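Notes for the one structure printed next.
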Amino acid sequence: MPAHTLIVSGYQATPPKDQEHAELKVFLAFQFTGAIGLLAVLITALFAPKVYRHFTWLNFCITWLIYCISYTLLAFSGQQTRPEPPAYPLCLTQASLVYSAPVLVAMSTFSLVLQLFFTLSSALRPPPKDSVAPRATLRNAFLLLAPYVLWLGFIIAILVIGTKNPRSVARAGGLVYCVIKTGAPGNATAISVAAILLCMVVLDVYIGAVLYKNWRALRGSDRPGKIPFSLILRVAIFSFFCVVGIGCSFVFLSEVSFFAGNTLIALMPLIAFLVFGTQRDILKVWLFWRR
């Protein structure tokens, strides 16, 4: 989620230095907290024998970790708060990642919703056995690779834009991350993320309607395609947060408050962790002393 905006501006007036540093600490605290939580969840899902997750769920966590790294690259480099501008190669690299990361996480979240849709469809109308393997292979390849293909496409395009306009590559107001001070990258990211999230919301509503109509049949089904209701609910909740968070970020970053927009950007990984990292089987692994 995403973003989110997921979009960056860099056009606002620069606040006083003390305020800049205080706002930066809030931004980094949320980003690092979310990243640490998601990393813990990912490691638990990969190595705990009693925790199983579909690869789209694991991929969702990985993309949000990439998102966090993208927005904190200056902090890792030690060039976040120095008086001189960050090195151009580093700043251009972060700008390309910052504009691309929202697309990556939006697409990985959409892939998670798509997987729920496919599983639900299989539970209601099992496909012929001879068509399962080829279709499943193509479907899984799309769910896994589509977020990264789109992400890499954005990275390459924005690197080209930044290389052709080196003077537009700069650290944004508030010292948070580097941006490209032309409208094209931000607009492309905004349109792409909005389109993906619109499709995701439509699919969420459709899944909810199908579940409502077929709840009794699904509840009593012993098919392998059976979906835990808690997972569907968590995906729906996170989808809602994505849409609200991204919408508010658009408004804040463009018109109202650069700090408020950046805070929403930093909160999204933490929300992802709280929504998906508090499932019962994961908590049981972490709270091992209560067994």
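Chain labels follow the order of the structure tokens: the first chain is A, the next B, and so on; residue numbering restarts at 1 in every chain, and ligands are counted from 1 in their shown order.
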For range 57-91 of chain A versus range 263-275 of chain A, which residues have an atom no more than 9 Å away, and what is each residue's nearest atom pair and distance in Å rounded to one decimal, using only C-alpha atoms, chain-then-number order, as CSV?
residue,atom,partner,partner_atom,distance
A:Cys61,CA,A:Ala272,CA,8.2
A:Trp64,CA,A:Pro269,CA,6.2
A:Leu65,CA,A:Pro269,CA,7.9
A:Tyr67,CA,A:Pro269,CA,8.0
A:Cys68,CA,A:Pro269,CA,7.2
A:Tyr71,CA,A:Ala266,CA,8.4
Counting only C-alpha atoms, which residues of range 4-107 of chain A sit at most 10 Å from some atom of range 176-186 of chain A, and what is each one's closest atom pair with its distance in Å to one decimal, listed by chain and rising residue number, as a Markdown table?
| residue | atom | partner | partner_atom | distance |
| --- | --- | --- | --- | --- |
| A:Thr5 | CA | A:Gly186 | CA | 9.1 |
| A:Leu6 | CA | A:Gly186 | CA | 8.6 |
| A:Ile7 | CA | A:Gly186 | CA | 5.8 |
| A:Val8 | CA | A:Gly186 | CA | 6.5 |
| A:Ser9 | CA | A:Val179 | CA | 7.3 |
| A:Gly10 | CA | A:Val179 | CA | 6.7 |
| A:Tyr11 | CA | A:Lys181 | CA | 7.6 |
| A:Glu20 | CA | A:Val176 | CA | 8.8 |
| A:His21 | CA | A:Val176 | CA | 9.3 |
| A:Glu23 | CA | A:Val176 | CA | 8.6 |
| A:Leu24 | CA | A:Val176 | CA | 6.0 |
| A:Lys25 | CA | A:Val176 | CA | 9.4 |
| A:Phe27 | CA | A:Val176 | CA | 7.6 |
| A:Leu28 | CA | A:Val176 | CA | 8.3 |
| A:Ser70 | CA | A:Tyr177 | CA | 8.8 |
| A:Tyr71 | CA | A:Tyr177 | CA | 6.2 |
| A:Thr72 | CA | A:Tyr177 | CA | 7.2 |
| A:Leu73 | CA | A:Tyr177 | CA | 7.7 |
| A:Leu74 | CA | A:Tyr177 | CA | 6.6 |
| A:Ala75 | CA | A:Val176 | CA | 8.7 |
| A:Gln80 | CA | A:Val176 | CA | 7.2 |
| A:Thr81 | CA | A:Val176 | CA | 8.8 |
| A:Pro85 | CA | A:Cys178 | CA | 9.7 |
| A:Pro86 | CA | A:Cys178 | CA | 8.5 |
| A:Tyr88 | CA | A:Cys178 | CA | 9.7 |
| A:Leu90 | CA | A:Cys178 | CA | 8.8 |
| A:Cys91 | CA | A:Cys178 | CA | 5.4 |
| A:Leu92 | CA | A:Cys178 | CA | 7.2 |
| A:Thr93 | CA | A:Cys178 | CA | 8.6 |
| A:Gln94 | CA | A:Cys178 | CA | 6.0 |
| A:Ala95 | CA | A:Val179 | CA | 4.7 |
| A:Ser96 | CA | A:Val179 | CA | 8.0 |
| A:Leu97 | CA | A:Cys178 | CA | 9.5 |
| A:Val98 | CA | A:Val179 | CA | 7.6 |
| A:Tyr99 | CA | A:Pro185 | CA | 6.7 |
| A:Ser100 | CA | A:Pro185 | CA | 9.0 |
Residue selection dump (C-alpha atoms) as a CSV table (one decimal), in the first residue's frame:
chain,number,residue,atom,x,y,z
A,5,THR,CA,1.9,8.0,-2.4
A,6,LEU,CA,3.1,7.4,-2.9
A,7,ILE,CA,4.0,10.3,-4.5
A,8,VAL,CA,6.7,12.8,-3.7
A,9,SER,CA,6.7,16.5,-4.2
A,10,GLY,CA,9.7,18.4,-3.0
A,11,TYR,CA,8.2,21.8,-3.9
A,20,GLU,CA,13.3,19.3,9.7
A,21,HIS,CA,15.3,17.1,12.0
A,23,GLU,CA,10.1,15.5,11.3
A,24,LEU,CA,12.9,13.3,9.8
A,25,LYS,CA,13.2,11.3,13.0
A,27,PHE,CA,9.6,9.5,9.3
A,28,LEU,CA,12.6,7.2,9.8
A,70,SER,CA,14.0,2.9,-1.0
A,71,TYR,CA,12.8,5.6,1.3
A,72,THR,CA,15.7,5.3,3.8
A,73,LEU,CA,18.6,5.0,1.4
A,74,LEU,CA,20.0,8.4,2.4
A,75,ALA,CA,20.0,7.3,6.1
A,80,GLN,CA,20.7,12.4,5.1
A,81,THR,CA,21.3,15.6,7.0
A,85,PRO,CA,23.6,17.9,-1.3
A,86,PRO,CA,23.8,14.1,-1.5
A,88,TYR,CA,24.3,12.8,-7.6
A,90,LEU,CA,23.1,8.2,-4.9
A,91,CYS,CA,20.4,10.8,-5.2
A,92,LEU,CA,19.4,9.7,-8.6
A,93,THR,CA,19.3,6.1,-7.5
A,94,GLN,CA,17.0,6.9,-4.5
A,95,ALA,CA,14.7,9.1,-6.6
A,96,SER,CA,14.2,6.2,-9.1
A,97,LEU,CA,13.5,3.9,-6.2
A,98,VAL,CA,11.1,6.3,-4.5
A,99,TYR,CA,9.0,6.8,-7.5
A,100,SER,CA,9.0,3.1,-8.4
Name the residues in contact with range 193-199 of chain A at a cut-off of 7 Å, using only C-alpha atoms, excluding same-chain residues fewer than 3 positions from it; report them as an mmCIF file with C-alpha atoms, in the first residue's frame.
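This went into selection.cif:
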data_model
loop_
_atom_site.group_PDB
_atom_site.id
_atom_site.type_symbol
_atom_site.label_atom_id
_atom_site.label_comp_id
_atom_site.auth_asym_id
_atom_site.auth_seq_id
_atom_site.Cartn_x
_atom_site.Cartn_y
_atom_site.Cartn_z
ATOM 1 C CA PRO A 102 4.745 2.663 -4.703
ATOM 2 C CA VAL A 103 4.046 0.876 -7.981
ATOM 3 C CA ALA A 106 0.556 -1.584 -5.117
ATOM 4 C CA MET A 107 1.075 -4.382 -7.626
ATOM 5 C CA THR A 189 3.503 6.982 -10.500
ATOM 6 C CA ALA A 190 0.224 8.531 -9.346
ATOM 7 C CA VAL A 202 -13.269 -3.576 -7.559
ATOM 8 C CA LEU A 203 -11.915 -7.107 -7.036
ATOM 9 C CA VAL A 243 -6.797 3.642 -0.619
#
**Request:** Within 8 Å of range 108-115 of chain A, counting only C-alpha atoms, which residues show up once you throw out same-chain ones fewer than 3 positions away? Write them as a ChimeraX atom specification, please.
**Result:** /A:1,56-57,59-60,63,104-105,118-119,143-144,147,196-197,199-200,203-204,235,239
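Proximity ranking of A:Ala188, A:Ile232, A:Val169, A:Leu145 relative to Ala157 in chain A places A:Ala188 first, based on only C-alpha atoms.
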**Request:** Enumerate as a VMD selection string all residues of range 93-205 of chain A assigned to alpha helix (DSSP H) by DSSP on the backbone, naming them with the chain letters and numbers the document uses.
**Result:** chain A and resid 93 to 124 129 to 164 183 to 205
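Between CA of Gly162 in chain A and CA of Pro83 in chain A there is a distance of 22.0 Å.
Of the listed residues (A:Phe154, A:Arg82, A:Leu46, A:Asn187), A:Leu46 comes nearest to Leu58 in chain A; the distances count only C-alpha atoms.
Between Ile207 in chain A and the residues A:Phe142, A:Phe238, A:Trp286, A:Phe117, the shortest atom-to-atom distance, using only C-alpha atoms, involves A:Phe117.
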